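Shown next: run_28.txt, given as compact mmCIF, C-alpha atoms and all ligand atoms.
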```txt
# COMPACT_ATOMS: atom_id res chain seq x y z
CA VAL A 11 -53.77 0.88 -41.55
CA ASP A 12 -55.40 3.20 -44.06
CA GLY A 13 -59.17 3.81 -44.26
CA ASP A 14 -60.27 1.10 -46.71
CA ARG A 15 -57.92 -1.53 -45.41
CA ALA A 16 -59.03 -0.74 -41.88
CA ASP A 17 -62.59 -1.72 -42.83
CA SER A 18 -61.58 -5.01 -44.36
CA PHE A 19 -58.96 -5.73 -41.74
CA ASP A 20 -60.85 -5.23 -38.54
CA SER A 21 -63.82 -3.25 -37.34
CA ASP A 22 -62.18 -2.32 -34.01
CA VAL A 23 -59.37 -0.53 -35.73
CA CYS A 24 -61.92 1.09 -37.98
CA LEU A 25 -63.90 2.39 -34.99
CA TYR A 26 -60.74 3.75 -33.47
CA ARG A 27 -59.84 5.55 -36.68
CA ARG A 28 -63.24 7.20 -36.80
CA ASP A 29 -62.43 8.73 -33.44
CA VAL A 30 -64.61 6.40 -31.45
CA PRO A 31 -68.12 7.19 -30.25
CA ASP A 32 -68.39 8.59 -26.70
CA ARG A 33 -69.64 5.30 -25.46
CA ILE A 34 -69.55 1.94 -27.17
CA HIS A 35 -73.00 0.47 -26.62
CA HIS A 36 -73.86 -3.22 -26.53
CA GLN A 37 -75.36 -2.80 -29.97
CA ASP A 38 -72.02 -1.59 -31.29
CA MET A 39 -70.24 -4.47 -29.62
CA ALA A 40 -72.62 -6.97 -31.27
CA ARG A 41 -72.24 -5.29 -34.64
CA ARG A 42 -68.48 -5.36 -34.36
CA SER A 43 -68.40 -9.05 -33.43
CA ALA A 44 -70.70 -9.89 -36.34
CA CYS A 45 -68.52 -7.86 -38.65
CA ARG A 46 -65.45 -9.72 -37.49
CA ARG A 47 -67.17 -13.12 -37.83
CA ASN A 48 -68.36 -12.36 -41.37
CA ARG A 49 -64.90 -11.44 -42.43
CA GLY A 50 -63.55 -14.56 -40.85
CA VAL A 51 -61.17 -12.71 -38.55
CA PHE A 52 -60.79 -14.49 -35.24
CA PHE A 53 -58.17 -13.45 -32.76
CA SER A 54 -57.68 -14.06 -29.10
CA TYR A 55 -56.59 -10.91 -27.30
CA HIS A 56 -53.07 -12.23 -26.77
CA GLU A 57 -52.59 -13.07 -30.45
CA LEU A 58 -52.92 -9.42 -31.36
CA SER A 59 -49.88 -7.28 -31.95
CA ASP A 60 -48.90 -4.76 -29.26
CA GLU A 61 -49.89 -1.97 -31.60
CA TYR A 62 -53.33 -3.46 -32.18
CA ARG A 63 -53.88 -4.07 -28.47
CA HIS A 64 -53.02 -0.42 -27.86
CA LEU A 65 -55.58 0.71 -30.45
CA LYS A 66 -58.21 -1.66 -29.12
CA GLY A 67 -57.50 -0.52 -25.55
CA ASN A 68 -58.07 3.08 -26.57
CA ALA A 69 -61.31 2.19 -28.35
CA MET A 70 -62.71 0.86 -25.07
CA ILE A 71 -61.91 3.94 -23.00
CA SER A 72 -65.01 5.83 -21.90
CA ASP A 73 -63.37 8.79 -20.16
CA ILE A 74 -59.97 10.50 -20.10
CA ARG A 75 -58.62 13.19 -17.77
CA ILE A 76 -55.38 15.08 -17.98
CA GLY A 77 -53.66 16.95 -15.18
CA GLN A 78 -50.58 19.12 -15.02
CA GLY A 79 -48.51 20.19 -12.06
CA CYS A 80 -45.41 22.24 -11.38
CA ASP A 81 -43.27 22.99 -8.37
CA VAL A 82 -40.08 24.83 -7.41
CA HIS A 83 -37.81 24.47 -4.38
CA ARG A 84 -34.80 26.46 -3.27
CA PHE A 85 -31.37 24.83 -2.87
CA THR A 86 -29.87 25.00 0.60
CA GLU A 87 -26.85 23.68 2.46
CA GLY A 88 -27.14 20.81 4.90
CA ARG A 89 -30.00 18.87 3.33
CA PRO A 90 -29.96 15.82 1.06
CA LEU A 91 -31.17 16.20 -2.54
CA ILE A 92 -34.12 13.85 -2.90
CA LEU A 93 -35.80 13.31 -6.27
CA CYS A 94 -38.43 10.65 -7.00
CA GLY A 95 -37.77 9.13 -3.59
CA GLY A 96 -34.01 8.61 -4.11
CA LYS A 97 -31.06 10.50 -2.68
CA LEU A 98 -28.77 12.07 -5.30
CA PRO A 99 -25.11 12.86 -4.67
CA TYR A 100 -24.88 16.68 -4.56
CA GLU A 101 -23.45 19.13 -2.07
CA ARG A 102 -26.81 20.82 -1.49
CA GLY A 103 -30.42 19.74 -1.08
CA LEU A 104 -33.82 21.36 -1.50
CA LEU A 105 -35.49 23.39 1.21
CA GLY A 106 -39.03 22.48 2.21
CA HIS A 107 -41.41 21.46 4.97
CA SER A 108 -41.36 17.86 3.72
CA ASP A 109 -38.34 16.16 2.11
CA ALA A 110 -38.80 18.78 -0.69
CA ASP A 111 -38.96 16.16 -3.46
CA VAL A 112 -39.88 18.69 -6.14
CA ALA A 113 -40.45 15.99 -8.79
CA VAL A 114 -42.98 14.08 -6.72
CA HIS A 115 -44.73 17.28 -5.65
CA ALA A 116 -45.29 18.27 -9.29
CA LEU A 117 -46.52 14.77 -10.03
CA ILE A 118 -48.94 14.78 -7.09
CA ASP A 119 -50.36 18.10 -8.32
CA ALA A 120 -50.80 16.65 -11.81
CA LEU A 121 -52.72 13.65 -10.43
CA ILE A 122 -54.85 15.80 -8.12
CA GLY A 123 -55.43 18.23 -10.99
CA ALA A 124 -56.60 15.50 -13.36
CA LEU A 125 -59.56 14.84 -11.05
CA ALA A 126 -59.99 18.52 -10.06
CA LEU A 127 -59.50 17.69 -6.37
CA GLY A 128 -57.68 20.89 -5.44
CA ASP A 129 -53.91 20.98 -4.97
CA ILE A 130 -51.10 19.45 -2.95
CA GLY A 131 -51.27 22.23 -0.35
CA HIS A 132 -54.91 21.35 0.27
CA PHE A 133 -54.07 17.64 0.66
CA PHE A 134 -50.91 18.11 2.73
CA PRO A 135 -50.78 21.60 4.34
CA ASP A 136 -47.24 22.77 5.09
CA THR A 137 -48.55 24.14 8.39
CA ASP A 138 -49.37 20.57 9.53
CA PRO A 139 -46.59 19.16 11.75
CA ARG A 140 -47.49 15.65 10.48
CA TYR A 141 -45.82 16.53 7.17
CA GLN A 142 -42.64 17.93 8.71
CA GLY A 143 -39.83 16.06 6.92
CA ALA A 144 -42.42 13.81 5.24
CA ASP A 145 -41.34 11.25 2.64
CA SER A 146 -43.01 12.59 -0.53
CA MET A 147 -43.29 9.08 -1.99
CA GLU A 148 -45.51 8.31 1.00
CA LEU A 149 -47.56 11.43 0.18
CA LEU A 150 -47.88 10.14 -3.40
CA ARG A 151 -49.23 6.81 -2.15
CA GLU A 152 -51.59 8.65 0.20
CA THR A 153 -52.83 10.79 -2.71
CA LEU A 154 -53.61 7.73 -4.81
CA ALA A 155 -55.44 6.16 -1.86
CA HIS A 156 -58.02 8.99 -2.08
CA PRO A 157 -61.37 7.34 -2.97
CA ALA A 158 -61.71 9.47 -6.13
CA PHE A 159 -58.82 7.56 -7.73
CA SER A 160 -60.39 4.13 -7.25
CA ALA A 161 -62.44 4.45 -10.46
CA TRP A 162 -59.41 5.47 -12.55
CA ARG A 163 -56.15 4.07 -13.75
CA ILE A 164 -53.09 6.05 -14.73
CA SER A 165 -52.34 5.77 -18.42
CA ASN A 166 -48.98 7.54 -18.33
CA ILE A 167 -47.04 10.30 -16.67
CA ASP A 168 -44.48 12.72 -18.08
CA LEU A 169 -42.07 14.68 -15.87
CA THR A 170 -39.61 17.41 -16.77
CA LEU A 171 -36.96 18.36 -14.22
CA ILE A 172 -35.18 21.65 -14.77
CA THR A 173 -31.93 22.35 -12.97
CA GLN A 174 -28.51 23.67 -13.85
CA LYS A 175 -26.79 21.25 -11.46
CA PRO A 176 -26.36 18.42 -10.71
CA LYS A 177 -26.51 16.48 -13.97
CA LEU A 178 -29.64 14.35 -13.67
CA ALA A 179 -29.33 12.08 -16.72
CA PRO A 180 -27.37 9.31 -14.95
CA HIS A 181 -30.09 9.11 -12.26
CA ILE A 182 -33.12 8.95 -14.55
CA PRO A 183 -33.27 5.13 -14.77
CA ALA A 184 -33.41 4.83 -10.96
CA MET A 185 -36.01 7.60 -10.73
CA LYS A 186 -38.16 5.88 -13.37
CA GLU A 187 -37.93 2.59 -11.54
CA SER A 188 -38.96 4.25 -8.29
CA LEU A 189 -42.04 5.98 -9.79
CA SER A 190 -42.98 2.95 -11.84
CA SER A 191 -43.10 0.88 -8.67
CA ALA A 192 -44.97 3.51 -6.63
CA LEU A 193 -47.58 3.98 -9.37
CA SER A 194 -47.74 0.28 -10.39
CA LEU A 195 -47.10 1.47 -13.93
CA PRO A 196 -44.79 -0.13 -16.53
CA GLU A 197 -41.64 1.95 -17.05
CA GLU A 198 -42.62 2.54 -20.69
CA ARG A 199 -45.46 4.69 -19.31
CA VAL A 200 -43.21 6.71 -16.99
CA SER A 201 -41.31 9.50 -18.72
CA ILE A 202 -38.70 11.59 -16.94
CA LYS A 203 -36.78 14.25 -18.83
CA ALA A 204 -34.07 16.55 -17.52
CA LYS A 205 -32.91 19.89 -18.82
CA THR A 206 -31.01 22.99 -17.75
CA ASN A 207 -32.29 26.55 -17.94
CA GLU A 208 -29.41 27.60 -20.22
CA GLY A 209 -27.90 29.52 -17.31
CA MET A 210 -30.83 31.93 -17.04
CA GLY A 211 -32.94 33.01 -14.08
CA PHE A 212 -33.00 31.50 -10.58
CA ILE A 213 -32.27 28.04 -11.99
CA GLY A 214 -29.28 29.35 -13.91
CA ARG A 215 -27.98 31.01 -10.74
CA LEU A 216 -28.20 27.60 -9.00
CA GLU A 217 -30.72 28.99 -6.50
CA GLY A 218 -33.27 26.27 -6.97
CA MET A 219 -34.86 23.75 -9.30
CA GLU A 220 -38.21 23.26 -10.97
CA ALA A 221 -40.33 20.27 -11.92
CA ARG A 222 -43.27 20.01 -14.30
CA ALA A 223 -45.53 17.00 -14.62
CA ALA A 224 -48.42 15.77 -16.71
CA ALA A 225 -50.59 12.77 -15.92
CA VAL A 226 -53.34 11.09 -17.93
CA LEU A 227 -56.03 9.09 -16.16
CA ILE A 228 -58.41 6.76 -18.01
CA ARG A 229 -61.39 4.54 -17.27
MG MG B 301 -43.17 21.44 -3.16
```

Rewrite the structure of this file - the entire thing - as structure tokens.
Amino acid sequence: VDGDRADSFDSDVCLYRRDVPDRIHHQDMARRSACRRNRGVFFSYHELSDEYRHLKGNAMISDIRIGQGCDVHRFTEGRPLILCGGKLPYERGLLGHSDADVAVHALIDALIGALALGDIGHFFPDTDPRYQGADSMELLRETLAHPAFSAWRISNIDLTLITQKPKLAPHIPAMKESLSSALSLPEERVSIKAKTNEGMGFIGRLEGMEARAAAVLIR
């Protein structure tokens, strides 16, 4: 919707387009309702298009945080390869104190980072025998159970997994489903991308893999 049409179409969209005041006060809410009444535009929330609901949702957000995380683990013989809580068929696995789920570790760091709570090592020290062989999906749930997260909801997450082998693309749907369920987030808000390192560096030499994650929290 362009500027002029936005005004005549709906004041909420208009507010969004003007980059939204820090806080929408009651006064603004009243003004917007009056504006909508005068123009004779009456919608129930569910009658709005998905796109409009998205814009309106953003207009009501009072605070946004972004976090990023990254992690690397070394490949080793005799361990399963676990990514996003699922076991992948590969002749080697990742070495680590826990189940070495590099994807979930990067994600946990992104979530912890968004609220400036420290890092995954601070939450789950690798010197603590409790986390020996730990299921990282359980660590993810434990992270989100931290009281600081109760005031926030996750808007979306974006993961990039970098490895030369195995080919991850066929496993992405299952990984998305697993994270979507653990985070109670629709799959359209869970992005997982896979790439190689073009044969370069430790990833190219098949010594290990890397994960990078971003998470956005809103309230
Ligand atoms: Mg790790």

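Distance annotation: of A:Asp138, A:Asp109, A:Glu152, A:Glu220, the residue with the minimal separation from Leu121 (chain A) is A:Glu152; atom set is all atoms listed in the file.
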
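Among the candidates A:Ala184, A:Ile118, A:Ile172, A:Ile130, the one nearest to Ile213 (chain A) when counting only C-alpha atoms is A:Ile172.
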
Problem - Contacts with ligand MG 301 (chain B) at most 12 Å, all atoms listed in the file counted, listed as a VMD selection string - result: chain A and resid 79 to 84 92 to 93 104 to 119 129 to 131 134 to 136 141 143 to 146 149 218 to 222

Show me, as AutoDock Vina command-line options, the centre and edge lengths in Å to one decimal of the axis-aligned box that covers every listed atom of region 68-85 of chain A with 4 Å on each side.
```
--center_x -48.2 --center_y 13.7 --center_z -15.6 --size_x 41.6 --size_y 33.6 --size_z 33.5
```

Practice task
Kindly give the distance, in Å, that separates CA of Ile167 (chain A) and CA of Ser201 (chain A), rounded to a single decimal.
Solution key: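 Separation of CA of Ile167 (chain A) and CA of Ser201 (chain A): 6.1 Å.
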
Practice task
Name the residues in contact with Glu87 (chain A) at a cut-off of 7 Å, using all atoms listed in the file, excluding same-chain residues fewer than 2 positions from it; report them as an MDAnalysis selection string.
Solution key: chainID A and resid 89 102:103

Exercise for the section: Name the closest residue to His181 (chain A) among the candidates A:Ser165, A:Ala120, A:Ala204, A:Gly77; distances are taken between atoms, counting only C-alpha atoms. Expected result: A:Ala204

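Going from CA of Val200 (chain A) over to CA of Tyr100 (chain A), you cover 24.3 Å.
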
Handout entry: Shortest interatomic distance to Leu91 (chain A) - which of A:Leu178, A:Ala192, A:Ala224, A:Asn207, counting all atoms listed in the file
Key =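 The shortest atom-to-atom distance to Leu91 (chain A) comes from A:Leu178.
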
Practice task
Measure the distance from CA of Thr173 (chain A) to CA of Leu98 (chain A) in Å and round it to one decimal.
Solution key: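 CA of Leu98 (chain A) lies at a distance of 13.2 Å from CA of Thr173 (chain A).
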
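Shortest atom-to-atom contact with Glu208 (chain A) among A:Pro183, A:Lys175, A:Ile74, A:Ser190: A:Lys175, counting all atoms listed in the file.
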